[in-house]
$ cat model13.tsv   # TSV, C-alpha atoms
chain	number	residue	atom	x	y	z
A	1	MET	CA	0.00	0.00	0.00
A	2	ASN	CA	1.55	3.34	-1.01
A	3	ASP	CA	1.55	6.42	1.21
A	4	THR	CA	-1.36	8.12	-0.57
A	5	ILE	CA	-3.66	5.08	-0.32
A	6	ASN	CA	-2.67	4.59	3.31
A	7	LEU	CA	-3.51	8.23	4.06
A	8	LEU	CA	-6.90	7.95	2.34
A	9	ASN	CA	-7.79	4.72	4.11
A	10	HIS	CA	-6.90	5.92	7.60
A	11	ARG	CA	-8.16	9.49	7.53
A	12	LYS	CA	-11.00	10.09	10.01
A	13	SER	CA	-12.87	13.11	11.32
A	14	ILE	CA	-11.07	15.02	14.07
A	15	ARG	CA	-12.99	17.16	16.56
A	16	VAL	CA	-10.41	17.77	19.31
A	17	PHE	CA	-7.25	19.70	18.47
A	18	GLU	CA	-3.95	20.49	20.11
A	19	ASP	CA	-3.42	24.10	21.14
A	20	ARG	CA	-1.03	24.54	18.24
A	21	GLN	CA	-1.34	26.95	15.33
A	22	ILE	CA	-0.91	26.00	11.69
A	23	ASP	CA	1.82	28.05	10.07
A	24	LYS	CA	1.13	30.28	7.07
A	25	GLU	CA	3.18	28.21	4.64
A	26	THR	CA	1.19	25.08	5.44
A	27	ILE	CA	-2.13	26.90	5.15
A	28	ASP	CA	-1.03	28.23	1.77
A	29	GLU	CA	-0.22	24.68	0.63
A	30	ILE	CA	-3.65	23.46	1.75
A	31	LEU	CA	-5.40	26.27	-0.12
A	32	ILE	CA	-3.30	25.74	-3.26
A	33	ALA	CA	-4.22	22.05	-3.20
A	34	ALA	CA	-7.90	23.03	-2.93
A	35	VAL	CA	-7.88	25.31	-5.96
A	36	MET	CA	-5.94	22.74	-8.00
A	37	ALA	CA	-8.84	20.29	-7.67
A	38	PRO	CA	-10.78	18.99	-10.69
A	39	THR	CA	-13.42	21.49	-11.74
A	40	ALA	CA	-16.21	21.59	-14.33
A	41	GLY	CA	-14.90	23.33	-17.45
A	42	ASN	CA	-12.11	24.93	-15.40
A	43	GLN	CA	-14.74	27.30	-13.99
A	44	GLN	CA	-13.92	26.83	-10.27
A	45	LEU	CA	-17.54	27.40	-9.33
A	46	TYR	CA	-16.79	28.07	-5.68
A	47	THR	CA	-15.50	30.64	-3.26
A	48	ILE	CA	-13.53	29.64	-0.18
A	49	LEU	CA	-14.11	31.80	2.88
A	50	ARG	CA	-11.28	31.58	5.38
A	51	ILE	CA	-12.70	32.46	8.79
A	52	THR	CA	-10.10	34.16	11.00
A	53	ASP	CA	-12.36	36.36	13.14
A	54	PRO	CA	-12.89	34.58	16.51
A	55	GLU	CA	-16.34	36.12	16.84
A	56	ILE	CA	-17.47	34.73	13.49
A	57	LYS	CA	-16.10	31.32	14.49
A	58	LYS	CA	-18.21	31.47	17.64
A	59	GLN	CA	-21.28	32.46	15.64
A	60	LEU	CA	-20.74	29.53	13.26
A	61	ALA	CA	-20.22	27.17	16.18
A	62	GLU	CA	-23.65	28.20	17.44
A	63	SER	CA	-25.47	28.34	14.11
A	64	CYS	CA	-24.07	24.96	13.01
A	65	ASP	CA	-26.03	22.92	15.54
A	66	HIS	CA	-24.20	24.18	18.66
A	67	GLN	CA	-20.76	22.60	18.15
A	68	PRO	CA	-18.22	24.51	20.29
A	69	PHE	CA	-15.18	22.79	18.75
A	70	ILE	CA	-15.74	24.77	15.54
A	71	ALA	CA	-14.59	27.90	17.37
A	72	GLU	CA	-11.42	26.06	18.42
A	73	GLY	CA	-10.39	25.23	14.86
A	74	LYS	CA	-6.94	26.48	13.87
A	75	LEU	CA	-8.10	26.80	10.25
A	76	VAL	CA	-11.77	27.22	9.41
A	77	LEU	CA	-12.88	27.24	5.77
A	78	VAL	CA	-16.36	27.60	4.27
A	79	PHE	CA	-16.61	26.20	0.74
A	80	CYS	CA	-19.38	28.06	-1.06
A	81	ALA	CA	-20.93	26.90	-4.30
A	82	ASP	CA	-20.70	30.14	-6.28
A	83	CYS	CA	-22.78	30.67	-9.40
A	84	LEU	CA	-22.70	34.44	-9.09
A	85	LYS	CA	-19.19	35.31	-10.31
A	86	TRP	CA	-19.50	33.83	-13.79
A	87	TYR	CA	-23.08	35.08	-14.12
A	88	ASN	CA	-21.94	38.64	-13.39
A	89	ALA	CA	-18.91	38.27	-15.68
A	90	TYR	CA	-21.17	37.24	-18.55
A	91	LYS	CA	-23.38	40.28	-18.01
A	92	ALA	CA	-20.36	42.56	-17.75
A	93	VAL	CA	-19.25	41.72	-21.30
A	94	GLY	CA	-22.74	42.10	-22.79
A	95	CYS	CA	-23.95	38.49	-22.74
A	96	GLU	CA	-27.54	37.77	-21.77
A	97	PRO	CA	-27.28	34.82	-19.38
A	98	ARG	CA	-30.39	32.72	-18.79
A	99	LYS	CA	-31.77	32.52	-15.28
A	100	LEU	CA	-29.61	30.31	-13.13
A	101	GLY	CA	-31.18	26.93	-12.37
A	102	VAL	CA	-30.82	24.03	-9.97
A	103	GLY	CA	-28.47	22.26	-12.39
A	104	ASP	CA	-26.07	25.20	-12.16
A	105	LEU	CA	-26.16	25.01	-8.38
A	106	LEU	CA	-25.51	21.27	-8.25
A	107	LEU	CA	-22.55	21.63	-10.60
A	108	ALA	CA	-21.15	24.35	-8.34
A	109	VAL	CA	-21.71	22.18	-5.26
A	110	ASP	CA	-19.74	19.40	-6.99
A	111	ASP	CA	-16.88	21.82	-7.65
A	112	ALA	CA	-16.91	23.12	-4.08
A	113	LEU	CA	-16.88	19.66	-2.48
A	114	ILE	CA	-14.11	18.36	-4.76
A	115	ALA	CA	-11.99	21.36	-3.76
A	116	ALA	CA	-12.84	20.77	-0.11
A	117	GLN	CA	-11.71	17.16	-0.26
A	118	ASN	CA	-8.42	18.20	-1.84
A	119	ALA	CA	-7.91	20.50	1.15
A	120	VAL	CA	-8.72	17.67	3.55
A	121	ILE	CA	-6.18	15.30	2.00
A	122	ALA	CA	-3.51	17.99	1.71
A	123	ALA	CA	-3.97	18.80	5.40
A	124	GLU	CA	-3.83	15.12	6.31
A	125	SER	CA	-0.48	14.83	4.55
A	126	PHE	CA	0.88	17.43	6.99
A	127	GLY	CA	-0.52	15.57	10.01
A	128	ILE	CA	-3.42	18.04	10.31
A	129	GLY	CA	-6.85	16.61	11.03
A	130	SER	CA	-10.17	17.95	9.79
A	131	CYS	CA	-13.91	17.61	10.16
A	132	TYR	CA	-16.67	18.35	7.68
A	133	ILE	CA	-19.59	20.31	9.11
A	134	GLY	CA	-22.69	19.71	6.99
A	135	ASP	CA	-24.72	21.84	9.40
A	136	ILE	CA	-23.52	24.93	7.51
A	137	MET	CA	-26.48	24.14	5.22
A	138	GLU	CA	-28.90	24.68	8.12
A	139	ASN	CA	-30.31	28.03	9.25
A	140	ILE	CA	-29.64	29.51	5.83
A	141	GLU	CA	-30.92	32.96	6.77
A	142	THR	CA	-28.50	33.11	9.71
A	143	GLN	CA	-25.56	31.77	7.70
A	144	ARG	CA	-26.20	34.35	4.99
A	145	GLU	CA	-26.20	37.09	7.59
A	146	ILE	CA	-23.02	35.88	9.30
A	147	LEU	CA	-21.09	35.41	6.05
A	148	HIS	CA	-22.79	38.11	3.92
A	149	LEU	CA	-23.77	35.61	1.24
A	150	PRO	CA	-25.79	36.93	-1.73
A	151	ASP	CA	-28.23	34.92	-3.82
A	152	TYR	CA	-26.60	32.28	-6.03
A	153	VAL	CA	-23.89	31.63	-3.40
A	154	PHE	CA	-24.60	28.60	-1.22
A	155	PRO	CA	-22.52	27.33	1.75
A	156	ALA	CA	-21.89	23.74	0.68
A	157	ALA	CA	-19.43	22.69	3.38
A	158	LEU	CA	-17.62	23.99	6.44
A	159	LEU	CA	-14.25	22.46	7.27
A	160	VAL	CA	-12.46	22.74	10.60
A	161	PHE	CA	-8.74	21.89	10.77
A	162	GLY	CA	-6.20	21.40	13.52
A	163	TYR	CA	-3.49	19.11	14.82
A	164	PRO	CA	-5.24	16.13	16.47
A	165	THR	CA	-4.69	15.22	20.09
A	166	ASP	CA	-3.13	11.82	20.87
A	167	GLN	CA	-6.57	10.47	21.81
A	168	GLN	CA	-7.96	11.53	18.45
A	169	LYS	CA	-5.01	10.01	16.59
A	170	THR	CA	-5.50	6.60	18.21
A	171	ARG	CA	-9.33	6.59	18.11
A	172	THR	CA	-10.65	3.81	15.89
A	173	LYS	CA	-12.03	4.88	12.54
A	174	PRO	CA	-15.74	4.03	12.15
A	175	VAL	CA	-16.44	0.84	10.19
A	176	ARG	CA	-17.44	1.22	6.54
A	177	SER	CA	-19.94	-1.03	4.77
A	178	PRO	CA	-18.60	-4.06	2.85
A	179	MET	CA	-17.45	-3.15	-0.65
A	180	GLU	CA	-19.92	-5.43	-2.44
A	181	PHE	CA	-22.82	-3.31	-1.21
A	182	ILE	CA	-21.28	-0.01	-2.31
A	183	VAL	CA	-19.76	-0.80	-5.71
A	184	GLN	CA	-22.16	-2.12	-8.37
A	185	GLU	CA	-21.44	-3.01	-11.97
A	186	ASN	CA	-23.13	-1.41	-14.98
A	187	SER	CA	-26.58	-0.88	-13.50
A	188	TYR	CA	-28.28	-0.11	-10.20
A	189	HIS	CA	-29.43	-2.98	-7.99
A	190	ILE	CA	-32.10	-2.29	-5.37
A	191	HIS	CA	-31.03	-4.12	-2.22
A	192	THR	CA	-33.34	-6.54	-0.49
A	193	ASP	CA	-34.10	-6.12	3.21
A	194	ILE	CA	-31.62	-8.88	4.01
A	195	GLU	CA	-28.93	-7.25	1.88
A	196	LEU	CA	-29.56	-3.89	3.57
A	197	GLN	CA	-29.01	-5.49	6.95
A	198	GLN	CA	-25.83	-7.13	5.71
A	199	MET	CA	-24.69	-3.73	4.43
A	200	LEU	CA	-25.44	-1.75	7.58
A	201	GLU	CA	-25.00	-4.22	10.42
A	202	PRO	CA	-21.19	-3.86	10.59
A	203	LYS	CA	-21.79	-0.25	11.66
A	204	SER	CA	-23.98	-1.27	14.63
A	205	GLY	CA	-21.11	-2.51	16.78
A	206	GLU	CA	-22.29	-4.48	19.80
A	207	ARG	CA	-25.90	-3.30	19.54
A	208	GLU	CA	-28.75	-5.33	18.13
A	209	TYR	CA	-29.28	-4.28	14.51
A	210	GLN	CA	-32.92	-3.17	14.65
A	211	GLU	CA	-32.38	-1.28	17.90
A	212	TRP	CA	-29.30	0.46	16.50
A	213	LEU	CA	-30.94	1.39	13.18
A	214	THR	CA	-34.07	2.72	14.89
A	215	ALA	CA	-31.97	4.88	17.19
A	216	PHE	CA	-29.89	6.07	14.21
A	217	PHE	CA	-33.08	6.96	12.34
A	218	LYS	CA	-34.26	9.11	15.25
A	219	ARG	CA	-30.85	10.71	15.81
A	220	LYS	CA	-30.11	11.53	12.17
A	221	TYR	CA	-32.81	11.13	9.52
A	222	ASP	CA	-35.80	12.10	11.67
A	223	SER	CA	-33.99	14.71	13.73
A	224	GLY	CA	-34.75	18.40	14.02
A	225	PHE	CA	-31.47	19.36	12.40
A	226	SER	CA	-32.17	17.14	9.41
A	227	ARG	CA	-35.58	18.72	8.92
A	228	GLU	CA	-34.03	22.17	9.24
A	229	MET	CA	-31.38	21.31	6.69
A	230	THR	CA	-34.07	20.29	4.21
A	231	ARG	CA	-35.96	23.53	4.85
A	232	SER	CA	-32.84	25.65	4.48
A	233	VAL	CA	-31.74	24.00	1.25
A	234	SER	CA	-35.26	24.40	-0.15
A	235	LYS	CA	-35.13	28.07	0.82
A	236	ALA	CA	-31.78	28.53	-0.92
A	237	LEU	CA	-33.11	26.83	-4.04
A	238	GLU	CA	-35.81	29.49	-4.40
A	239	ALA	CA	-33.31	31.83	-6.05
A	240	PHE	CA	-32.59	29.12	-8.65
A	241	ASP	CA	-36.19	28.11	-9.25
A	242	SER	CA	-36.95	28.77	-12.90
$ encode --input "model13.tsv" --output "structure tokens"
Amino acid sequence: MNDTINLLNHRKSIRVFEDRQIDKETIDEILIAAVMAPTAGNQQLYTILRITDPEIKKQLAESCDHQPFIAEGKLVLVFCADCLKWYNAYKAVGCEPRKLGVGDLLLAVDDALIAAQNAVIAAESFGIGSCYIGDIMENIETQREILHLPDYVFPAALLVFGYPTDQQKTRTKPVRSPMEFIVQENSYHIHTDIELQQMLEPKSGEREYQEWLTAFFKRKYDSGFSREMTRSVSKALEAFDS
């Protein structure tokens, strides 16, 4: 196994950091890696907001489902799907761009998340841990106010970086589903109930499968934050509704 594959296989989310700053040169390398990511038509349909203001970090920690560790991040980046820059550039040279649609947004979200993952892996190569915060998609009105986001700019992901503590380094990475349930060949297969249990049961640990999955359903899928995320994304999509 080469170093890159080993890094990819062992990377896990880190939520507790050493009280140690990340130097400017390393941050620059992480950001360069992000903007060198694959991108649709070389458009780079994203804007990366580096959050250095401690007060804004605290506001994001609160607005993103009350997660205090966000404010402790040594590097905090918001990856925004940005359809506005190219739209305005087209208008500036006399083009008549059509109304932006949901397809434009999804393409920009793809770009933003690919860039974000490049940043994650670059950081990991320096021994710097990270955690994705999907909750940046919640409370869209609040996030827009905190970050001054206009229409056609959507916060796709928040990333928090820092050097992991020893406990975080040695913590076991959560189990992934067996490969045969994730990778299919040529066409989509709808899993049977038995196959779904075989796919998900490794994640349940010592708990009985049905009990674990029911609790997971309540904690994630049927949770207040999940419902709020759906509402917020729907609200953001209004600007793209053609």
$ residues_near_point --input "model13.tsv" --point "(-18.5, 20.6, 17.8)" --cutoff "12 Å" --atoms "all atoms listed in the file" --output "VMD selection string"
chain A and resid 13 to 17 57 to 58 60 to 73 130 to 135 158 to 160
$ closest_residue --input "model13.tsv" --among "A:Ile140, A:Ala123, A:His189, A:Ala92" --to "A:Val153" --atoms "all atoms listed in the file"
A:Ile140
$ atom_distance --input "model13.tsv" --atom1 "atom CA of A:Arg98" --atom2 "atom CA of A:Pro155"
22.6 Å
$ residues_around --input "model13.tsv" --residues "stretch 106-110 of chain A" --least-positions-apart "5" --cutoff "12 Å" --atoms "only C-alpha atoms" --output "ChimeraX atom specification"
/A:37-47,79-86,100-101,115-117,137,152-157,233,237,240
$ closest_atom_pairs --input "model13.tsv" --of "stretch 105-140 of chain A" --to "stretch 21-36 of chain A" --cutoff "12 Å" --atoms "all atoms listed in the file" --output "tab-separated table"
residue	atom	partner	partner_atom	distance
A:Asp111	CA	A:Val35	CA	9.8
A:Ala112	CA	A:Ala34	CA	9.1
A:Leu113	CA	A:Ala34	CA	9.6
A:Ile114	CA	A:Ala34	CA	8.0
A:Ala115	CA	A:Ala34	CA	4.5
A:Ala116	CA	A:Ala34	CA	6.1
A:Gln117	CA	A:Ala34	CA	7.5
A:Asn118	CA	A:Ala34	CA	5.0
A:Ala119	CA	A:Ala34	CA	4.8
A:Val120	CA	A:Ile30	CA	7.9
A:Ile121	CA	A:Ile30	CA	8.5
A:Ala122	CA	A:Ile30	CA	5.5
A:Ala123	CA	A:Ile30	CA	5.9
A:Glu124	CA	A:Ile30	CA	9.5
A:Ser125	CA	A:Ile30	CA	9.6
A:Phe126	CA	A:Thr26	CA	7.8
A:Gly127	CA	A:Ile22	CA	10.6
A:Ile128	CA	A:Ile22	CA	8.5
A:Gly129	CA	A:Ile22	CA	11.1
A:Ser130	CA	A:Ile30	CA	11.7
$ atom_distance --input "model13.tsv" --atom1 "atom CA of A:Phe225" --atom2 "atom CA of A:Glu145"
19.1 Å
$ atom_distance --input "model13.tsv" --atom1 "atom CA of A:Glu201" --atom2 "atom CA of A:Thr170"
23.6 Å
